[in-house]
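Report on the structure given below.
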Amino acid sequence: MGLTDNAENYLLRNSKAISDFYSKAYTETLDILNNFSKTKASRKRAAAVLLQIEGIVKELDDETKKFIEDKIPATYKDFGLATKKDIRKLGAKVDDSFALIHTRAVQAIADDSYLRFARSMQGVINSAEDFVSLKIQKELRETLASGLIKGEARDKISKEVQEQIEKQGVTAFIDKGGKRWQLNTYSRMLSRTVLQQAGNQGNENVLIENGFDVVKVSTHGTICPLCIPYEGKYLSLTGQTKGVTTIEEARRNGLFHPNCMHTFSATNPNDYGQAKRQPSPEPLTREQRKELNQILKDNEIQGDLRRNLRTEDKRKNFFKAQKEVKKKFN
Ligand SMILES: [Zn+2]
């Protein structure tokens with residue numbers, strides 16, 4: 001069914017190069033800042049360091065533009081083509097060409113995606129400036145207090161600045177919850193997420209254009225509290241099919257959140273009746289979220305899904321939790 005079955009691999013494969021590029025930039029930036037924190041800070045050295053980091057960001061910007069120009073349209077189209085195939089399987093006629101309206105849709109996603117990356121690049125510059133001025137201020141203060149900086153005081157300042165760098169890293173983004181996202185993890189999330197959005201949008205637009213309204217959300221055994229109520233459920237793209245929850249509402253409640261690997265596929269219009277009889281999925285309550293987290297905790301599940309599948313014991317725990325989560329909340 002479309003790219004529903006292998007969307008995750010598709011997104012990982014196509015976001016890998018840009019993610020790796022950002023990871024490299026992250027390490028380089030950290031190295032530069034760490035080196036700077038170790039030696040005597042002068043205005044001249046500070047300026048040189050910032051210039052160097054701006055150079056790295058410039059390269060990131062070039063790569064990001066290439067990534068967006070290339071992968072956003074390709075992903076939109078690939079998902080759209082897969083959906084066209086599904087539509088043909090359902091007996092409707094559709095050719096593989098894309099009307100101009102799709103070009104405009106792609107452009108809008110590309111613009112939005114670029115802004116999000118640009119914000120993270122600005123974050124890197126801000127981060128670097130913060131560390132550089134922290135070091136300069138600390139040295140200045142020490143000079144004011146004791147006339148000059150002795151070896152011991154210099155070591156202390158270096159250590160303090162390095163600790164701060166270690167603690168904060170190179171922050172690309174601070175989210176609403178106050179969480180600091182590091183450049184490497186943030187860009188990995190963002191590159192997957194913008195492709196997922198491009199793909200799902202291509203899918204959605206092709207379906208609407210061809211008169212399909214009800215879709216079914218993909219199933220990959222999620223344990224995510226945001227997605228679990230929606231996995232495998234019917235949704236309405238436009239709200240035309242009364243009694244079926246809209247995709248907009250599901251989105252508002254967290255489906256297709258950052259790093260989400262869910263997608264959706266066309267439903268045969270003969271099954272719309274079945275979709276209408278489906279009880280409408282509701283987001284988890286605060287209590288239910290707590291309960292879900294407890295299940296994960298009891299089974300020692302943490303972080304990335306892949307990490308939870310590494311050993312036989314972990315796999316066993318994971319499948320047990322997955323089953324329980326599905327039974328209770330899906
Ligand atoms: Zn999801």
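We name chains A, B, ... following the order of the structure tokens; residues begin at 1 in each chain, and ligands are numbered from 1 as shown.
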
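Every protein, DNA or RNA residue with an atom at most 7 Å from stretch 56-73 of chain A, where only C-alpha atoms count and chain neighbours fewer than 4 positions away do not, is listed here: Ile18, Tyr22, Ala25, Gln52, Lys77, Val106, Ala110, Met121, Leu195 and Ala198 of chain A.
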
Under the rule of at most 7 Å, produce a per-residue listing of chain A near ligand 1: chain, number, name, the closest pair of atoms, and the distance in Å, as a tab-separated table, using only C-alpha atoms and all ligand atoms.
```
residue	atom	partner	partner_atom_place_in_ligand_line	distance
A:Thr222	CA	ligand 1	1 (Zn)	6.8
A:Cys224	CA	ligand 1	1 (Zn)	6.5
A:Leu226	CA	ligand 1	1 (Zn)	6.9
A:Cys227	CA	ligand 1	1 (Zn)	4.7
A:Leu255	CA	ligand 1	1 (Zn)	5.7
A:Phe256	CA	ligand 1	1 (Zn)	5.4
A:His257	CA	ligand 1	1 (Zn)	6.5
A:Cys260	CA	ligand 1	1 (Zn)	3.9
A:Met261	CA	ligand 1	1 (Zn)	5.1
A:His262	CA	ligand 1	1 (Zn)	4.7
```

Dump N, CA and C atoms for the selected residues as a CSV table (one decimal), in the first residue's frame?
```csv
chain,number,residue,atom,x,y,z
A,222,THR,N,3.5,1.4,17.2
A,222,THR,CA,4.1,2.5,17.9
A,222,THR,C,3.8,2.4,19.4
A,224,CYS,N,4.3,5.4,21.0
A,224,CYS,CA,4.3,6.8,21.2
A,224,CYS,C,2.9,7.3,21.7
A,226,LEU,N,1.5,10.0,21.6
A,226,LEU,CA,0.8,11.0,20.7
A,226,LEU,C,0.0,10.2,19.6
A,227,CYS,N,0.7,9.2,19.1
A,227,CYS,CA,0.2,8.5,17.9
A,227,CYS,C,-0.7,7.3,18.2
A,255,LEU,N,-0.5,13.6,16.1
A,255,LEU,CA,-0.1,12.7,15.1
A,255,LEU,C,0.7,13.4,14.1
A,256,PHE,N,1.7,12.7,13.5
A,256,PHE,CA,2.7,13.3,12.6
A,256,PHE,C,3.6,14.4,13.3
A,257,HIS,N,3.8,14.2,14.5
A,257,HIS,CA,4.7,15.1,15.3
A,257,HIS,C,6.2,14.9,14.7
A,260,CYS,N,8.0,11.5,13.8
A,260,CYS,CA,6.9,10.6,13.6
A,260,CYS,C,7.1,9.8,12.3
A,261,MET,N,6.9,8.5,12.3
A,261,MET,CA,7.1,7.7,11.1
A,261,MET,C,5.8,7.3,10.5
A,262,HIS,N,4.7,7.9,11.0
A,262,HIS,CA,3.4,7.4,10.5
A,262,HIS,C,3.0,8.1,9.1
```

For the contact check between stretch 128-213 of chain A and stretch 233-240 of chain A, emit one row per residue of stretch 128-213 of chain A within 8 Å, containing the shortest atom pair and the distance in Å rounded to one decimal, counting only C-alpha atoms, chain then rising number order, as a tab-separated table.
```
residue	atom	partner	partner_atom	distance
A:Glu204	CA	A:Leu237	CA	7.3
A:Ile208	CA	A:Leu237	CA	7.4
A:Asp213	CA	A:Leu237	CA	5.2
```

* Would you mind listing what lies within 12 Å of stretch 270-275 of chain A as a list in words, with only C-alpha atoms counted and same-chain residues fewer than 4 positions away left out? =>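 Contacts, in chain order: Leu90, Gly91, Phe212, Asp213, Val214, Val215, Lys216, Val217, Gly232, Lys233, Tyr234, Leu235, Ser236, Gln240, Thr241, Lys242, Gly243, Val244, Thr245, Thr246, Ala266, Pro279, Ser280 and Pro281 of chain A.
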
Which residues are close to stretch 144-160 of chain A, i.e. within 8 Å by only C-alpha atoms, leaving aside same-chain residues fewer than 4 positions away? Reply as a PyMOL selection string.
chain A and resi 37-40+135+138-140+164

So which bits of stretch 39-194 of chain A end up strand (DSSP E) when you DSSP the backbone, as number ranges by chain? A: 171-174, 180-182

- Query: Near stretch 291-304 of chain A, within 10 Å and counting only C-alpha atoms, which residues show up once chain neighbours fewer than 2 positions away are dropped, as a ChimeraX atom specification?
  - Reply: /A:223-225,284-289,306-309,314-322,324-325,328-329

Using the selection just defined, write its residues with C-alpha atoms as a compact mmCIF listing (two decimals), in the first residue's frame.
```txt
# COMPACT_ATOMS: atom_id res chain seq x y z
CA ILE A 223 4.49 3.06 21.63
CA CYS A 224 4.28 6.83 21.21
CA PRO A 225 1.58 8.43 23.42
CA LEU A 284 -4.71 10.17 25.67
CA THR A 285 -5.64 11.89 28.90
CA ARG A 286 -3.00 12.93 31.38
CA GLU A 287 -3.74 9.82 33.44
CA GLN A 288 -3.47 7.54 30.43
CA ARG A 289 -0.14 9.09 29.50
CA ARG A 306 16.26 0.68 17.54
CA ARG A 307 18.09 0.77 20.84
CA ASN A 308 15.26 -1.24 22.36
CA LEU A 309 15.61 -3.99 19.81
CA LYS A 314 15.30 -5.99 25.17
CA ARG A 315 13.32 -7.21 22.19
CA LYS A 316 11.20 -9.42 24.40
CA ASN A 317 10.46 -6.52 26.73
CA PHE A 318 9.71 -4.25 23.83
CA PHE A 319 7.19 -6.56 22.20
CA LYS A 320 5.53 -7.14 25.55
CA ALA A 321 5.15 -3.41 26.13
CA GLN A 322 4.02 -2.86 22.56
CA GLU A 324 0.09 -3.88 26.24
CA VAL A 325 0.15 -0.33 24.90
CA LYS A 328 -4.97 -0.37 26.30
CA PHE A 329 -4.70 2.75 24.19
```

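A straight line drawn from atom CA of A:Asn9 to atom CA of A:Leu100 is 28.8 Å long.
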
Spatial neighbours of stretch 184-187 of chain A, 7 Å, only C-alpha atoms, chain gap at least 3 places, as a compact mmCIF listing (two decimals) with C-alpha atoms, in the first residue's frame:
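What ended up in selection.txt:
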```
# COMPACT_ATOMS: atom_id res chain seq x y z
CA SER A 19 22.11 14.39 8.80
CA TYR A 22 25.22 18.32 10.16
CA SER A 23 26.77 15.84 12.59
CA TYR A 26 28.49 19.78 15.06
CA ALA A 172 20.32 24.48 17.53
CA TRP A 181 18.21 20.43 21.12
CA LEU A 190 14.30 17.91 11.25
CA SER A 191 15.53 16.30 8.04
```

Margin query: List the spatial neighbours of A:Phe131 as a PyMOL selection string - criterion: any atom at most 10 Å away, only C-alpha atoms, same-chain residues fewer than 2 positions off excluded.
Written below: chain A and resi 33-34+36-37+46+126-129+133-137+161-162+164-165+168-170

Restricting the output to N, CA and C atoms, write the selected residues as a PDB file, in the first residue's frame.
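Once written, part06.pdb looks like this:
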```pdb
ATOM      1  N   LEU A  33      35.311  25.450  19.551  1.00  0.00           N
ATOM      2  CA  LEU A  33      34.962  26.143  20.796  1.00  0.00           C
ATOM      3  C   LEU A  33      35.788  25.631  21.968  1.00  0.00           C
ATOM      4  N   ASN A  34      35.987  24.331  22.008  1.00  0.00           N
ATOM      5  CA  ASN A  34      36.803  23.760  23.083  1.00  0.00           C
ATOM      6  C   ASN A  34      38.231  24.270  23.031  1.00  0.00           C
ATOM      7  N   PHE A  36      39.221  27.042  21.738  1.00  0.00           N
ATOM      8  CA  PHE A  36      39.191  28.459  22.107  1.00  0.00           C
ATOM      9  C   PHE A  36      39.143  28.619  23.626  1.00  0.00           C
ATOM     10  N   SER A  37      38.372  27.750  24.263  1.00  0.00           N
ATOM     11  CA  SER A  37      38.214  27.892  25.716  1.00  0.00           C
ATOM     12  C   SER A  37      39.522  27.595  26.451  1.00  0.00           C
ATOM     13  N   ALA A  46      38.911  35.777  19.212  1.00  0.00           N
ATOM     14  CA  ALA A  46      37.462  35.583  19.291  1.00  0.00           C
ATOM     15  C   ALA A  46      36.822  35.814  17.927  1.00  0.00           C
ATOM     16  N   ASN A 126      24.473  31.782  17.521  1.00  0.00           N
ATOM     17  CA  ASN A 126      24.178  32.326  18.851  1.00  0.00           C
ATOM     18  C   ASN A 126      24.938  31.567  19.933  1.00  0.00           C
ATOM     19  N   SER A 127      24.907  30.236  19.807  1.00  0.00           N
ATOM     20  CA  SER A 127      25.573  29.371  20.766  1.00  0.00           C
ATOM     21  C   SER A 127      27.064  29.708  20.831  1.00  0.00           C
ATOM     22  N   ALA A 128      27.679  29.803  19.663  1.00  0.00           N
ATOM     23  CA  ALA A 128      29.118  30.089  19.601  1.00  0.00           C
ATOM     24  C   ALA A 128      29.413  31.460  20.210  1.00  0.00           C
ATOM     25  N   GLU A 129      28.604  32.437  19.865  1.00  0.00           N
ATOM     26  CA  GLU A 129      28.815  33.787  20.406  1.00  0.00           C
ATOM     27  C   GLU A 129      28.703  33.790  21.928  1.00  0.00           C
ATOM     28  N   SER A 133      31.792  34.971  24.279  1.00  0.00           N
ATOM     29  CA  SER A 133      31.716  36.139  25.166  1.00  0.00           C
ATOM     30  C   SER A 133      31.788  35.738  26.632  1.00  0.00           C
ATOM     31  N   LEU A 134      31.349  34.529  26.951  1.00  0.00           N
ATOM     32  CA  LEU A 134      31.492  34.045  28.327  1.00  0.00           C
ATOM     33  C   LEU A 134      32.964  33.996  28.719  1.00  0.00           C
ATOM     34  N   LYS A 135      33.758  33.429  27.847  1.00  0.00           N
ATOM     35  CA  LYS A 135      35.195  33.297  28.095  1.00  0.00           C
ATOM     36  C   LYS A 135      35.837  34.685  28.219  1.00  0.00           C
ATOM     37  N   ILE A 136      35.504  35.568  27.306  1.00  0.00           N
ATOM     38  CA  ILE A 136      36.101  36.910  27.330  1.00  0.00           C
ATOM     39  C   ILE A 136      35.711  37.647  28.612  1.00  0.00           C
ATOM     40  N   GLN A 137      34.454  37.545  28.965  1.00  0.00           N
ATOM     41  CA  GLN A 137      33.999  38.236  30.177  1.00  0.00           C
ATOM     42  C   GLN A 137      34.689  37.718  31.431  1.00  0.00           C
ATOM     43  N   VAL A 161      34.547  27.311  31.384  1.00  0.00           N
ATOM     44  CA  VAL A 161      33.944  27.495  30.051  1.00  0.00           C
ATOM     45  C   VAL A 161      33.737  26.139  29.373  1.00  0.00           C
ATOM     46  N   GLN A 162      34.744  25.262  29.524  1.00  0.00           N
ATOM     47  CA  GLN A 162      34.597  23.936  28.916  1.00  0.00           C
ATOM     48  C   GLN A 162      33.426  23.158  29.511  1.00  0.00           C
ATOM     49  N   GLN A 164      30.780  24.432  30.699  1.00  0.00           N
ATOM     50  CA  GLN A 164      29.572  25.045  30.151  1.00  0.00           C
ATOM     51  C   GLN A 164      29.303  24.534  28.727  1.00  0.00           C
ATOM     52  N   ILE A 165      30.373  24.418  27.950  1.00  0.00           N
ATOM     53  CA  ILE A 165      30.224  23.900  26.580  1.00  0.00           C
ATOM     54  C   ILE A 165      29.723  22.463  26.628  1.00  0.00           C
ATOM     55  N   GLN A 168      25.991  22.498  27.714  1.00  0.00           N
ATOM     56  CA  GLN A 168      25.012  23.045  26.766  1.00  0.00           C
ATOM     57  C   GLN A 168      25.184  22.543  25.346  1.00  0.00           C
ATOM     58  N   GLY A 169      26.397  22.167  24.986  1.00  0.00           N
ATOM     59  CA  GLY A 169      26.663  21.732  23.626  1.00  0.00           C
ATOM     60  C   GLY A 169      26.402  22.851  22.638  1.00  0.00           C
ATOM     61  N   VAL A 170      26.267  22.476  21.379  1.00  0.00           N
ATOM     62  CA  VAL A 170      25.934  23.478  20.375  1.00  0.00           C
ATOM     63  C   VAL A 170      24.426  23.416  20.167  1.00  0.00           C
TER      64      VAL A 170
END
```

Two-atom distance - atom CA of A:Asn253, atom CA of A:Glu282 (Å):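 Between these atoms lies a distance of 8.5 Å.
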